[in-house]
>>> print(open('protein_37.cif').read())   # mmCIF, C-alpha atoms and all ligand atoms
data_upload
#
loop_
_atom_site.label_atom_id
_atom_site.label_comp_id
_atom_site.auth_asym_id
_atom_site.auth_seq_id
_atom_site.Cartn_x
_atom_site.Cartn_y
_atom_site.Cartn_z
CA MET A 1 -35.01 12.72 3.41
CA LYS A 2 -33.94 9.13 3.91
CA GLU A 3 -34.91 6.69 1.21
CA VAL A 4 -37.45 4.01 2.15
CA VAL A 5 -35.66 0.68 1.93
CA ASN A 6 -37.12 -2.11 -0.17
CA ARG A 7 -35.82 -5.12 -2.05
CA GLN A 8 -35.45 -3.09 -5.24
CA ASN A 9 -33.19 -0.40 -3.81
CA ILE A 10 -31.43 -2.33 -1.02
CA ASN A 11 -28.19 -2.71 -3.00
CA LYS A 12 -27.92 0.98 -3.72
CA VAL A 13 -28.94 2.07 -0.23
CA THR A 14 -26.39 -0.27 1.38
CA GLU A 15 -23.66 0.79 -1.01
CA ASP A 16 -24.39 4.49 -0.43
CA LEU A 17 -24.35 4.04 3.32
CA ILE A 18 -21.09 2.09 3.22
CA ASN A 19 -19.57 4.80 1.06
CA SER A 20 -20.49 7.48 3.57
CA VAL A 21 -19.14 5.86 6.74
CA TYR A 22 -15.74 6.95 8.09
CA ILE A 23 -13.65 3.80 8.48
CA THR A 24 -11.12 2.71 11.08
CA ASP A 25 -8.44 0.75 9.21
CA ILE A 26 -7.08 -1.53 11.91
CA HIS A 27 -3.90 -2.82 10.25
CA THR A 28 -1.69 -1.03 7.73
CA HIS A 29 2.03 -0.50 7.17
CA LEU A 30 1.57 3.22 6.64
CA PHE A 31 3.36 5.91 8.61
CA SER A 32 2.37 9.47 9.36
CA GLN A 33 4.17 12.38 7.74
CA CYS A 34 6.65 12.92 10.59
CA PHE A 35 8.23 9.55 9.71
CA GLU A 36 9.42 11.25 6.49
CA SER A 37 10.95 8.72 4.07
CA MET A 38 8.91 5.95 5.70
CA PHE A 39 5.76 7.65 4.45
CA LEU A 40 5.48 5.92 1.06
CA TYR A 41 3.39 7.45 -1.70
CA GLY A 42 3.41 8.19 -5.40
CA ILE A 43 3.87 6.28 -8.60
CA GLU A 44 7.29 4.66 -7.98
CA GLU A 45 6.18 3.24 -4.64
CA LEU A 46 2.83 2.12 -6.00
CA LEU A 47 4.39 0.26 -8.91
CA THR A 48 7.12 -1.40 -6.85
CA TYR A 49 4.64 -2.68 -4.23
CA HIS A 50 5.74 -6.25 -3.57
CA TYR A 51 2.37 -7.67 -4.62
CA LEU A 52 3.02 -6.26 -8.12
CA VAL A 53 6.70 -7.19 -8.29
CA ALA A 54 5.93 -10.88 -7.70
CA GLU A 55 3.43 -10.74 -10.50
CA ALA A 56 5.52 -8.80 -13.03
CA MET A 57 8.44 -11.22 -12.63
CA ARG A 58 6.28 -14.04 -13.97
CA TYR A 59 6.22 -12.40 -17.40
CA THR A 60 9.98 -11.94 -17.80
CA ASP A 61 13.17 -13.93 -17.80
CA MET A 62 15.05 -11.23 -15.92
CA ASP A 63 16.73 -12.48 -12.72
CA TYR A 64 15.21 -11.39 -9.45
CA LYS A 65 18.59 -10.02 -8.47
CA ASN A 66 18.90 -7.93 -11.60
CA PHE A 67 15.48 -6.50 -10.96
CA TYR A 68 16.29 -5.48 -7.40
CA ASP A 69 19.69 -4.08 -8.47
CA MET A 70 17.94 -1.44 -10.57
CA ASP A 71 17.05 1.94 -9.09
CA LYS A 72 13.50 2.30 -7.92
CA ASP A 73 12.42 4.45 -10.87
CA LYS A 74 13.73 1.81 -13.28
CA GLN A 75 11.98 -0.95 -11.34
CA ALA A 76 8.76 1.04 -11.54
CA GLU A 77 9.14 1.51 -15.32
CA PHE A 78 9.82 -2.19 -15.69
CA VAL A 79 6.67 -3.19 -13.77
CA TRP A 80 4.64 -0.55 -15.60
CA ASN A 81 5.73 -1.79 -18.98
CA ILE A 82 5.04 -5.43 -18.20
CA LEU A 83 1.78 -5.21 -16.30
CA PHE A 84 0.16 -2.10 -17.76
CA VAL A 85 1.54 -1.73 -21.29
CA LYS A 86 2.28 -5.25 -22.49
CA ASN A 87 -0.50 -6.89 -20.50
CA THR A 88 -3.97 -6.02 -19.19
CA PRO A 89 -4.11 -5.09 -15.50
CA LEU A 90 -6.65 -7.73 -14.56
CA SER A 91 -5.15 -9.01 -11.32
CA GLU A 92 -6.33 -7.49 -8.06
CA PRO A 93 -3.08 -5.59 -7.30
CA ALA A 94 -2.86 -4.31 -10.88
CA LYS A 95 -6.53 -3.33 -11.02
CA SER A 96 -5.88 -1.38 -7.81
CA ILE A 97 -3.54 0.95 -9.67
CA ILE A 98 -6.23 1.72 -12.22
CA THR A 99 -8.76 2.39 -9.46
CA ILE A 100 -6.32 4.79 -7.79
CA PHE A 101 -5.65 6.69 -11.03
CA ASN A 102 -9.33 6.91 -11.82
CA SER A 103 -10.27 8.10 -8.32
CA LEU A 104 -7.60 10.78 -8.50
CA GLY A 105 -9.01 12.06 -11.79
CA LEU A 106 -6.18 10.77 -13.98
CA ASP A 107 -6.60 9.41 -17.50
CA VAL A 108 -6.29 5.65 -16.98
CA ASN A 109 -5.61 5.05 -20.67
CA VAL A 110 -2.35 6.96 -20.86
CA LYS A 111 0.59 4.59 -21.30
CA ASP A 112 3.35 7.12 -20.67
CA ILE A 113 4.48 6.69 -17.06
CA ASN A 114 5.79 10.28 -17.00
CA TYR A 115 2.23 11.60 -17.18
CA PHE A 116 1.54 9.92 -13.83
CA ARG A 117 4.90 10.97 -12.42
CA LYS A 118 4.11 14.63 -13.10
CA PHE A 119 0.80 14.35 -11.30
CA PHE A 120 2.29 12.87 -8.12
CA GLU A 121 5.27 15.26 -8.13
CA SER A 122 2.89 18.23 -8.20
CA LYS A 123 1.27 17.27 -4.89
CA LYS A 124 1.82 19.17 -1.65
CA LEU A 125 2.05 16.35 0.83
CA SER A 126 -0.03 17.62 3.74
CA ASP A 127 -2.94 18.65 1.47
CA TYR A 128 -2.63 15.40 -0.41
CA ILE A 129 -2.90 13.40 2.82
CA ASP A 130 -6.15 15.22 3.63
CA GLN A 131 -7.40 14.56 0.10
CA VAL A 132 -6.70 10.82 0.15
CA PHE A 133 -8.25 10.44 3.61
CA GLU A 134 -11.36 12.17 2.28
CA ILE A 135 -11.56 10.16 -0.96
CA SER A 136 -11.26 6.88 0.91
CA LYS A 137 -13.47 8.10 3.77
CA LEU A 138 -11.15 7.11 6.55
CA LYS A 139 -11.32 8.16 10.15
CA CYS A 140 -7.92 6.72 11.03
CA VAL A 141 -5.43 4.00 10.17
CA VAL A 142 -3.36 1.85 12.50
CA MET A 143 0.35 1.73 11.67
CA THR A 144 2.73 -1.20 12.27
CA ASN A 145 5.40 0.01 14.69
CA ASP A 146 8.52 -1.99 15.28
CA PRO A 147 10.45 -0.88 18.37
CA LEU A 148 13.57 -2.60 17.01
CA ASP A 149 13.62 -0.68 13.75
CA ASP A 150 16.38 1.87 14.37
CA ASP A 151 15.16 4.43 11.81
CA GLU A 152 11.65 4.30 13.12
CA ARG A 153 12.73 4.52 16.75
CA LYS A 154 14.74 7.65 15.98
CA VAL A 155 11.52 9.34 15.00
CA TRP A 156 9.71 8.20 18.15
CA ASP A 157 12.66 9.46 20.21
CA ASN A 158 13.31 12.77 18.48
CA SER A 159 10.78 14.06 16.03
CA TYR A 160 7.45 12.31 16.49
CA VAL A 161 4.45 14.58 15.91
CA LYS A 162 1.10 13.13 16.80
CA ASP A 163 -1.45 12.98 13.99
CA GLU A 164 -4.76 11.58 15.29
CA ARG A 165 -5.38 9.89 11.95
CA PHE A 166 -2.40 7.55 12.45
CA LYS A 167 -2.59 5.27 15.49
CA ALA A 168 0.16 2.93 16.61
CA ALA A 169 0.40 -0.84 17.11
CA LEU A 170 3.43 -2.45 18.71
CA ARG A 171 4.72 -5.07 16.31
CA LEU A 172 6.55 -7.95 17.98
CA ASP A 173 7.76 -10.09 15.07
CA ARG A 174 11.43 -9.60 15.81
CA VAL A 175 11.00 -10.11 19.53
CA LEU A 176 8.88 -13.23 19.15
CA ASN A 177 10.16 -14.77 15.93
CA SER A 178 13.90 -14.14 16.20
CA TRP A 179 14.83 -13.80 19.85
CA GLU A 180 18.38 -15.03 19.19
CA GLU A 181 19.09 -11.80 17.29
CA SER A 182 16.69 -9.44 18.96
CA PHE A 183 17.75 -9.90 22.57
CA THR A 184 21.09 -8.17 21.94
CA HIS A 185 19.23 -5.35 20.25
CA ILE A 186 16.89 -4.94 23.24
CA LYS A 187 19.90 -5.04 25.52
CA LYS A 188 21.46 -2.15 23.61
CA LEU A 189 18.31 -0.16 24.27
CA GLY A 190 19.09 -0.38 27.98
CA TYR A 191 17.10 -3.44 29.08
CA ASN A 192 19.03 -6.03 30.98
CA VAL A 193 17.89 -9.10 29.01
CA GLU A 194 19.78 -12.34 28.41
CA LYS A 195 19.22 -15.06 25.84
CA ASP A 196 17.89 -17.47 28.47
CA LEU A 197 14.46 -16.59 29.66
CA LEU A 198 15.08 -16.50 33.39
CA GLU A 199 13.01 -14.39 35.76
CA PRO A 200 15.04 -11.14 35.52
CA THR A 201 14.92 -11.29 31.71
CA ILE A 202 11.15 -11.90 31.79
CA GLU A 203 10.73 -8.79 33.93
CA GLU A 204 12.94 -6.71 31.65
CA ILE A 205 11.04 -7.80 28.51
CA LYS A 206 7.80 -6.77 30.22
CA LYS A 207 9.35 -3.42 31.05
CA PHE A 208 10.48 -3.00 27.45
CA LEU A 209 6.97 -3.78 26.16
CA ILE A 210 5.27 -1.43 28.61
CA ASP A 211 7.67 1.41 27.83
CA TYR A 212 7.00 1.16 24.11
CA ILE A 213 3.24 0.66 24.46
CA ASP A 214 3.18 3.85 26.52
CA ARG A 215 5.50 5.83 24.29
CA MET A 216 3.60 4.94 21.11
CA GLU A 217 0.17 4.81 22.75
CA ALA A 218 -0.13 1.47 21.02
CA LEU A 219 -3.69 0.25 20.55
CA TYR A 220 -2.58 -3.37 20.53
CA CYS A 221 0.48 -5.64 20.29
CA ALA A 222 0.80 -7.71 17.11
CA VAL A 223 2.75 -10.54 15.55
CA SER A 224 2.65 -12.50 12.31
CA LEU A 225 3.13 -16.22 12.76
CA PRO A 226 4.11 -19.23 10.67
CA PRO A 227 1.69 -22.06 9.88
CA ASP A 228 3.41 -24.30 12.45
CA PHE A 229 2.89 -21.81 15.27
CA SER A 230 2.43 -23.76 18.47
CA MET A 231 1.95 -22.90 22.12
CA ASN A 232 3.26 -26.20 23.45
CA ASP A 233 6.52 -26.67 21.58
CA GLY A 234 8.62 -25.25 24.41
CA SER A 235 9.75 -22.47 22.09
CA VAL A 236 11.12 -19.13 23.18
CA ARG A 237 8.22 -17.54 21.33
CA ALA A 238 5.57 -19.44 23.32
CA LYS A 239 7.39 -18.58 26.56
CA ILE A 240 7.60 -14.88 25.77
CA ILE A 241 3.94 -14.83 24.77
CA GLU A 242 2.80 -16.50 28.00
CA ASN A 243 5.17 -14.85 30.42
CA CYS A 244 5.51 -11.37 28.95
CA VAL A 245 3.12 -10.40 26.17
CA LEU A 246 -0.11 -11.73 27.69
CA PRO A 247 0.46 -10.33 31.20
CA VAL A 248 1.42 -6.96 29.74
CA CYS A 249 -1.56 -6.85 27.36
CA ARG A 250 -3.79 -7.72 30.27
CA GLU A 251 -2.28 -5.05 32.48
CA LYS A 252 -2.61 -2.41 29.76
CA ASN A 253 -6.01 -3.80 28.72
CA ILE A 254 -5.05 -4.03 25.04
CA PRO A 255 -5.53 -6.91 22.60
CA PHE A 256 -2.83 -9.17 21.27
CA ALA A 257 -3.19 -9.46 17.49
CA LEU A 258 -2.13 -12.72 15.87
CA MET A 259 -1.78 -12.97 12.11
CA ILE A 260 -1.33 -16.65 11.44
CA GLY A 261 -0.29 -18.65 8.40
CA VAL A 262 2.55 -16.86 6.65
CA LYS A 263 5.45 -18.92 5.31
CA ARG A 264 8.26 -16.38 5.20
CA GLY A 265 10.92 -16.47 2.50
CA VAL A 266 9.64 -19.33 0.32
CA ASN A 267 11.56 -17.56 -2.43
CA PRO A 268 14.15 -15.36 -0.67
CA ALA A 269 15.34 -13.89 -3.98
CA LEU A 270 11.99 -12.15 -4.22
CA LYS A 271 12.62 -10.40 -0.88
CA LEU A 272 9.39 -9.00 0.59
CA ALA A 273 7.49 -10.57 -2.31
CA GLY A 274 8.84 -14.03 -1.50
CA ASP A 275 6.50 -14.96 1.37
CA SER A 276 3.77 -17.53 0.95
CA VAL A 277 0.85 -19.20 2.72
CA LYS A 278 0.05 -22.51 4.35
CA ARG A 279 -2.84 -23.80 6.38
CA ALA A 280 -2.18 -23.48 10.10
CA ASP A 281 -3.32 -25.36 13.15
CA ILE A 282 -6.24 -23.74 15.01
CA GLU A 283 -5.42 -25.39 18.36
CA PRO A 284 -2.89 -22.83 19.63
CA LEU A 285 -5.58 -20.21 19.21
CA GLU A 286 -8.15 -22.31 21.09
CA TYR A 287 -5.59 -22.76 23.83
CA LEU A 288 -4.88 -19.03 24.11
CA CYS A 289 -8.54 -18.03 24.10
CA SER A 290 -9.53 -20.60 26.72
CA GLU A 291 -6.48 -20.34 28.99
CA TYR A 292 -6.49 -16.56 28.92
CA PRO A 293 -10.16 -15.57 29.05
CA TYR A 294 -9.28 -12.09 30.32
CA ASN A 295 -6.96 -11.39 27.41
CA LYS A 296 -8.35 -10.08 24.14
CA PHE A 297 -7.23 -11.60 20.83
CA LEU A 298 -7.54 -9.94 17.44
CA VAL A 299 -6.96 -12.64 14.86
CA THR A 300 -6.68 -13.04 11.13
CA MET A 301 -5.53 -16.14 9.27
CA LEU A 302 -3.97 -16.22 5.85
CA SER A 303 -5.10 -19.44 4.30
CA LEU A 304 -8.57 -19.84 2.86
CA GLU A 305 -8.70 -23.33 4.38
CA ASN A 306 -8.47 -21.86 7.88
CA GLN A 307 -11.42 -19.49 7.58
CA GLN A 308 -14.21 -21.79 8.72
CA GLU A 309 -12.24 -22.98 11.76
CA LEU A 310 -11.44 -19.41 12.68
CA THR A 311 -15.08 -18.36 12.40
CA VAL A 312 -16.24 -21.30 14.51
CA THR A 313 -13.56 -20.60 17.12
CA ALA A 314 -14.88 -17.03 17.40
CA ARG A 315 -18.30 -18.46 18.24
CA LYS A 316 -16.71 -20.33 21.15
CA PHE A 317 -14.67 -17.48 22.58
CA LYS A 318 -15.93 -13.94 22.92
CA ASN A 319 -12.42 -12.74 23.70
CA LEU A 320 -11.59 -13.51 20.06
CA MET A 321 -12.26 -10.82 17.46
CA VAL A 322 -11.79 -12.01 13.88
CA PHE A 323 -10.55 -9.38 11.48
CA GLY A 324 -9.79 -8.77 7.83
CA CYS A 325 -9.23 -10.71 4.65
CA TRP A 326 -5.50 -10.69 4.90
CA TRP A 327 -3.03 -10.35 2.01
CA PHE A 328 -3.72 -13.29 -0.39
CA LEU A 329 -7.36 -13.25 0.75
CA ASN A 330 -7.77 -9.60 -0.20
CA SER A 331 -9.39 -10.09 -3.59
CA PRO A 332 -13.09 -9.68 -4.44
CA SER A 333 -14.06 -13.34 -4.86
CA LEU A 334 -12.38 -14.36 -1.61
CA ILE A 335 -13.67 -11.39 0.37
CA GLU A 336 -17.15 -12.26 -0.83
CA PHE A 337 -16.86 -15.89 0.21
CA VAL A 338 -15.25 -15.20 3.58
CA THR A 339 -17.57 -12.29 4.48
CA ASN A 340 -20.68 -14.31 3.64
CA MET A 341 -19.52 -17.11 5.87
CA ARG A 342 -18.63 -14.79 8.72
CA ILE A 343 -21.99 -13.02 8.61
CA GLU A 344 -23.79 -16.36 8.47
CA TRP A 345 -22.06 -17.52 11.65
CA LEU A 346 -21.17 -14.36 13.53
CA GLY A 347 -23.81 -11.81 12.49
CA THR A 348 -22.01 -8.48 12.64
CA SER A 349 -19.66 -9.36 15.51
CA PHE A 350 -16.42 -9.27 13.52
CA ILE A 351 -14.24 -6.80 11.59
CA PRO A 352 -14.63 -7.59 7.89
CA GLN A 353 -11.59 -5.86 6.52
CA HIS A 354 -8.33 -4.01 7.06
CA SER A 355 -6.25 -2.67 4.17
CA ASP A 356 -2.66 -3.73 4.91
CA CYS A 357 -1.56 -0.75 2.80
CA ARG A 358 2.12 0.02 2.50
CA VAL A 359 1.75 2.85 0.01
CA PHE A 360 -0.57 5.68 0.97
CA GLU A 361 -2.82 5.83 -2.12
CA GLN A 362 -3.56 2.12 -1.81
CA LEU A 363 -6.10 3.21 0.80
CA ILE A 364 -8.25 4.42 -2.09
CA SER A 365 -8.30 1.19 -4.07
CA LYS A 366 -8.18 -1.37 -1.32
CA TRP A 367 -11.14 0.20 0.46
CA LYS A 368 -13.09 0.88 -2.71
CA HIS A 369 -12.78 -2.74 -3.84
CA SER A 370 -13.59 -4.19 -0.41
CA LYS A 371 -16.53 -1.92 0.26
CA LYS A 372 -18.15 -2.83 -3.03
CA VAL A 373 -18.05 -6.55 -2.24
CA ILE A 374 -19.07 -6.18 1.40
CA ALA A 375 -22.00 -3.92 0.42
CA ASN A 376 -23.28 -6.59 -1.97
CA VAL A 377 -22.93 -9.33 0.60
CA LEU A 378 -24.79 -7.30 3.22
CA ALA A 379 -27.50 -6.21 0.78
CA THR A 380 -28.20 -9.82 -0.19
CA LYS A 381 -28.56 -10.75 3.48
CA TYR A 382 -30.94 -7.82 4.10
CA SER A 383 -32.91 -8.78 1.04
CA ASP A 384 -33.30 -12.35 2.35
CA LEU A 385 -34.68 -10.99 5.61
CA MET A 386 -37.06 -8.67 3.79
CA SER A 387 -38.37 -11.54 1.71
CA GLU A 388 -39.72 -12.97 4.98
CA GLY A 389 -41.50 -9.72 5.74
CA TYR A 390 -38.79 -8.37 8.06
CA GLU A 391 -38.42 -4.59 7.90
CA ILE A 392 -35.00 -3.10 7.34
CA SER A 393 -34.57 0.62 7.92
CA ASN A 394 -31.77 2.98 6.95
CA ASP A 395 -30.89 3.37 10.62
CA ARG A 396 -30.51 -0.34 11.06
CA ILE A 397 -28.20 -0.62 8.07
CA GLU A 398 -26.22 2.39 9.25
CA ARG A 399 -25.81 0.89 12.70
CA ASP A 400 -24.55 -2.44 11.25
CA ILE A 401 -22.12 -0.67 8.96
CA ASN A 402 -20.78 1.56 11.73
CA ASN A 403 -20.15 -1.51 13.82
CA LEU A 404 -18.44 -3.46 11.06
CA PHE A 405 -16.22 -0.61 9.87
CA GLY A 406 -15.14 0.85 13.18
CA GLU A 407 -17.21 0.44 16.32
CA ASN A 408 -16.56 -3.29 16.73
CA PHE A 409 -12.89 -2.50 16.92
CA TRP A 410 -13.23 0.43 19.30
CA LYS A 411 -15.62 -1.47 21.57
CA PHE A 412 -13.22 -4.42 21.64
CA ILE A 413 -10.31 -2.12 22.48
CA GLU A 414 -12.15 -0.12 25.14
CA PRO A 415 -14.92 -2.23 26.58
O1 LIG B 1 0.57 -7.64 3.21
C1 LIG B 1 1.79 -7.43 3.27
O2 LIG B 1 2.30 -6.40 2.82
C2 LIG B 1 2.69 -8.47 3.85
O3 LIG B 1 3.95 -8.31 3.34
C3 LIG B 1 2.89 -8.46 5.32
O4 LIG B 1 3.41 -7.25 5.72
C4 LIG B 1 1.79 -8.75 6.24
O5 LIG B 1 0.67 -7.99 5.99
C5 LIG B 1 2.24 -8.58 7.67
O6 LIG B 1 1.76 -7.66 8.35
O7 LIG B 1 3.07 -9.38 8.09
ZN ZN B 2 0.50 -6.42 7.28
#
>>> encode(input="protein_37.cif", output="structure tokens")
Amino acid sequence: MKEVVNRQNINKVTEDLINSVYITDIHTHLFSQCFESMFLYGIEELLTYHYLVAEAMRYTDMDYKNFYDMDKDKQAEFVWNILFVKNTPLSEPAKSIITIFNSLGLDVNVKDINYFRKFFESKKLSDYIDQVFEISKLKCVVMTNDPLDDDERKVWDNSYVKDERFKAALRLDRVLNSWEESFTHIKKLGYNVEKDLLEPTIEEIKKFLIDYIDRMEALYCAVSLPPDFSMNDGSVRAKIIENCVLPVCREKNIPFALMIGVKRGVNPALKLAGDSVKRADIEPLEYLCSEYPYNKFLVTMLSLENQQELTVTARKFKNLMVFGCWWFLNSPSLIEFVTNMRIEWLGTSFIPQHSDCRVFEQLISKWKHSKKVIANVLATKYSDLMSEGYEISNDRIERDINNLFGENFWKFIEP
């Protein structure tokens, strides 16, 4: 029987309901099993996650280069020793590792890395995938699929096996952010494109996009953008967006996802861990949403300072779906702040979180941490309503949660 909801049990009821819903994770860097070595899992991958590498390097005088010159197992041991043996894993990425171990039934107090290695080595991959999907209660995850990644494309061309739990998204960073290099690559794939964006090239880029959207059954096209992203700077990027990406997304009726505010390579020696954040201008987004009312935009912004503007912009344009607490925003205190604000101004018409996982088991920790915070935020809002005599039922909470953790996305994708 369903529990009667009141102000005393609202936290528990909300948390239980959130923990029972099957989530759609709308942006990850995970791959399905057929992508073989691109499917990252296990202790070495978890410990060399770039979020952890950046952090571990702060405690040592080792050169970045020397770190990256080591084999992956040595890098993992190095990070383990610094962040988990010599220090307390208090940061969000480090705490994540502890959450993963605990959820998998491991002894979180063991300091010998080989104990964890043995556990992961003993896993049969296909069963393990089922297990992690079940622990983290996921319906499906959306991958990040780059048509110009040669290794990845080989799989799409030769050995792709569809797994309904892994959906695709066509990632356009190379096409949009480095056309000078990518046009020759696209040309090699058989599309007659030139560096100058004349009409025949525009048509060929559209053809290229359509072919890959179809081949991957991409749910949306996506790009990450720098803080100075502009739509009126006469850039190649703005031209390709307006002349190719938007018409194609419209034709295929799929959203264009913009992830705005990343400053790439602030410290190139840190490789993937060397990117940073800066407040971006909201105007290009206002322009896109108003000029292209029949296009759908899925948007997340990286800087905390941009969150209010983004929320307000979503109130102005219903073709804008705000999603996730991205990357440096994915920590409990920031998720709490941002989610409160979004609920206060958008009700439940947004997507509170995506995981951005690169390593498979991160699904467990990233979702566990986020769900806990979001449940508390929601419960407090329900409690406020109840204090005015408003009745909140289980069904109502369940409906809200289903929308936030999946249906809002699917309805936006397939109206
Ligand atoms: O969160 C990350 O792992 C970042 O390195 C980026 O990949 C970012 O999420 C992106 O999609 O560009
Ligand atoms: Zn990402």
>>> residues_around(input="protein_37.cif", residues="Ile392 of chain A", least_positions_apart="2", cutoff="8 Å", atoms="all atoms listed in the file", output="PyMOL selection string")
chain A and resi 5-6+382+386+390+394+396-397
>>> write_last_selection(input="protein_37.cif", atoms="C-alpha atoms", output="JSON list (two decimals), keeping the file's coordinate frame")
[["chain", "number", "residue", "atom", "x", "y", "z"],
["A", 5, "VAL", "CA", -35.66, 0.68, 1.93],
["A", 6, "ASN", "CA", -37.12, -2.11, -0.17],
["A", 382, "TYR", "CA", -30.94, -7.82, 4.10],
["A", 386, "MET", "CA", -37.06, -8.67, 3.79],
["A", 390, "TYR", "CA", -38.79, -8.37, 8.06],
["A", 394, "ASN", "CA", -31.77, 2.98, 6.95],
["A", 396, "ARG", "CA", -30.51, -0.34, 11.06],
["A", 397, "ILE", "CA", -28.20, -0.62, 8.07]]
>>> residues_around(input="protein_37.cif", residues="Arg358 of chain A", least_positions_apart="5", cutoff="8 Å", atoms="all atoms listed in the file", output="ChimeraX atom specification")
/A:28-30,40,49
>>> residues_around(input="protein_37.cif", residues="Ala94 of chain A", least_positions_apart="6", cutoff="12 Å", atoms="all atoms listed in the file", output="JSON list (two decimals) with C-alpha atoms, in the frame of the given file")
[["chain", "number", "residue", "atom", "x", "y", "z"],
["A", 46, "LEU", "CA", 2.83, 2.12, -6.00],
["A", 47, "LEU", "CA", 4.39, 0.26, -8.91],
["A", 48, "THR", "CA", 7.12, -1.40, -6.85],
["A", 49, "TYR", "CA", 4.64, -2.68, -4.23],
["A", 50, "HIS", "CA", 5.74, -6.25, -3.57],
["A", 51, "TYR", "CA", 2.37, -7.67, -4.62],
["A", 52, "LEU", "CA", 3.02, -6.26, -8.12],
["A", 53, "VAL", "CA", 6.70, -7.19, -8.29],
["A", 54, "ALA", "CA", 5.93, -10.88, -7.70],
["A", 55, "GLU", "CA", 3.43, -10.74, -10.50],
["A", 56, "ALA", "CA", 5.52, -8.80, -13.03],
["A", 79, "VAL", "CA", 6.67, -3.19, -13.77],
["A", 80, "TRP", "CA", 4.64, -0.55, -15.60],
["A", 82, "ILE", "CA", 5.04, -5.43, -18.20],
["A", 83, "LEU", "CA", 1.78, -5.21, -16.30],
["A", 84, "PHE", "CA", 0.16, -2.10, -17.76],
["A", 85, "VAL", "CA", 1.54, -1.73, -21.29],
["A", 87, "ASN", "CA", -0.50, -6.89, -20.50],
["A", 88, "THR", "CA", -3.97, -6.02, -19.19],
["A", 100, "ILE", "CA", -6.32, 4.79, -7.79],
["A", 101, "PHE", "CA", -5.65, 6.69, -11.03],
["A", 331, "SER", "CA", -9.39, -10.09, -3.59],
["A", 362, "GLN", "CA", -3.56, 2.12, -1.81],
["A", 365, "SER", "CA", -8.30, 1.19, -4.07],
["A", 366, "LYS", "CA", -8.18, -1.37, -1.32]]
>>> closest_residue(input="protein_37.cif", among="A:Pro200, A:Gly190, A:Gly389, A:Pro227", to="Glu283 of chain A", atoms="all atoms listed in the file")
A:Pro227
>>> closest_atom_pairs(input="protein_37.cif", of="segment 272-363 of chain A", to="segment 139-160 of chain A", cutoff="12 Å", atoms="all atoms listed in the file", output="Markdown table")
| residue | atom | partner | partner_atom | distance |
| --- | --- | --- | --- | --- |
| A:His354 | CA | A:Val141 | CA | 9.1 |
| A:Ser355 | CA | A:Val141 | CA | 9.0 |
| A:Asp356 | CA | A:Met143 | CA | 9.2 |
| A:Cys357 | CA | A:Met143 | CA | 9.4 |
| A:Arg358 | CA | A:Met143 | CA | 9.5 |
| A:Val359 | CA | A:Met143 | CA | 11.8 |
| A:Phe360 | CA | A:Val141 | CA | 10.5 |
| A:Leu363 | CA | A:Val141 | CA | 9.4 |
>>> closest_residue(input="protein_37.cif", among="A:Gln307, A:Thr313, A:Asn295, A:Asn330", to="ligand LIG 1 (chain B)", atoms="all atoms listed in the file")
A:Asn330
>>> build_atoms(input="protein_37.cif", residues="segment 51-60 of chain A", atoms="N, CA and C atoms", output="short mmCIF file (atom, residue, chain, number, x, y, z; two decimals), keeping the file's coordinate frame")
data_model
loop_
_atom_site.label_atom_id
_atom_site.label_comp_id
_atom_site.auth_asym_id
_atom_site.auth_seq_id
_atom_site.Cartn_x
_atom_site.Cartn_y
_atom_site.Cartn_z
N TYR A 51 3.41 -6.85 -3.98
CA TYR A 51 2.37 -7.67 -4.62
C TYR A 51 2.53 -7.61 -6.15
N LEU A 52 2.89 -6.43 -6.66
CA LEU A 52 3.02 -6.26 -8.12
C LEU A 52 4.34 -6.81 -8.65
N VAL A 53 5.39 -6.69 -7.85
CA VAL A 53 6.70 -7.19 -8.29
C VAL A 53 6.62 -8.69 -8.53
N ALA A 54 6.03 -9.42 -7.57
CA ALA A 54 5.93 -10.88 -7.70
C ALA A 54 5.23 -11.24 -9.01
N GLU A 55 4.23 -10.45 -9.32
CA GLU A 55 3.43 -10.74 -10.50
C GLU A 55 4.18 -10.40 -11.79
N ALA A 56 4.82 -9.24 -11.82
CA ALA A 56 5.52 -8.80 -13.03
C ALA A 56 6.63 -9.79 -13.38
N MET A 57 7.31 -10.33 -12.36
CA MET A 57 8.44 -11.22 -12.63
C MET A 57 8.03 -12.49 -13.37
N ARG A 58 6.74 -12.83 -13.28
CA ARG A 58 6.28 -14.04 -13.97
C ARG A 58 6.30 -13.88 -15.49
N TYR A 59 6.29 -12.64 -15.96
CA TYR A 59 6.22 -12.40 -17.40
C TYR A 59 7.59 -12.18 -18.04
N THR A 60 8.67 -12.30 -17.25
CA THR A 60 9.98 -11.94 -17.80
C THR A 60 11.03 -12.98 -17.44
#
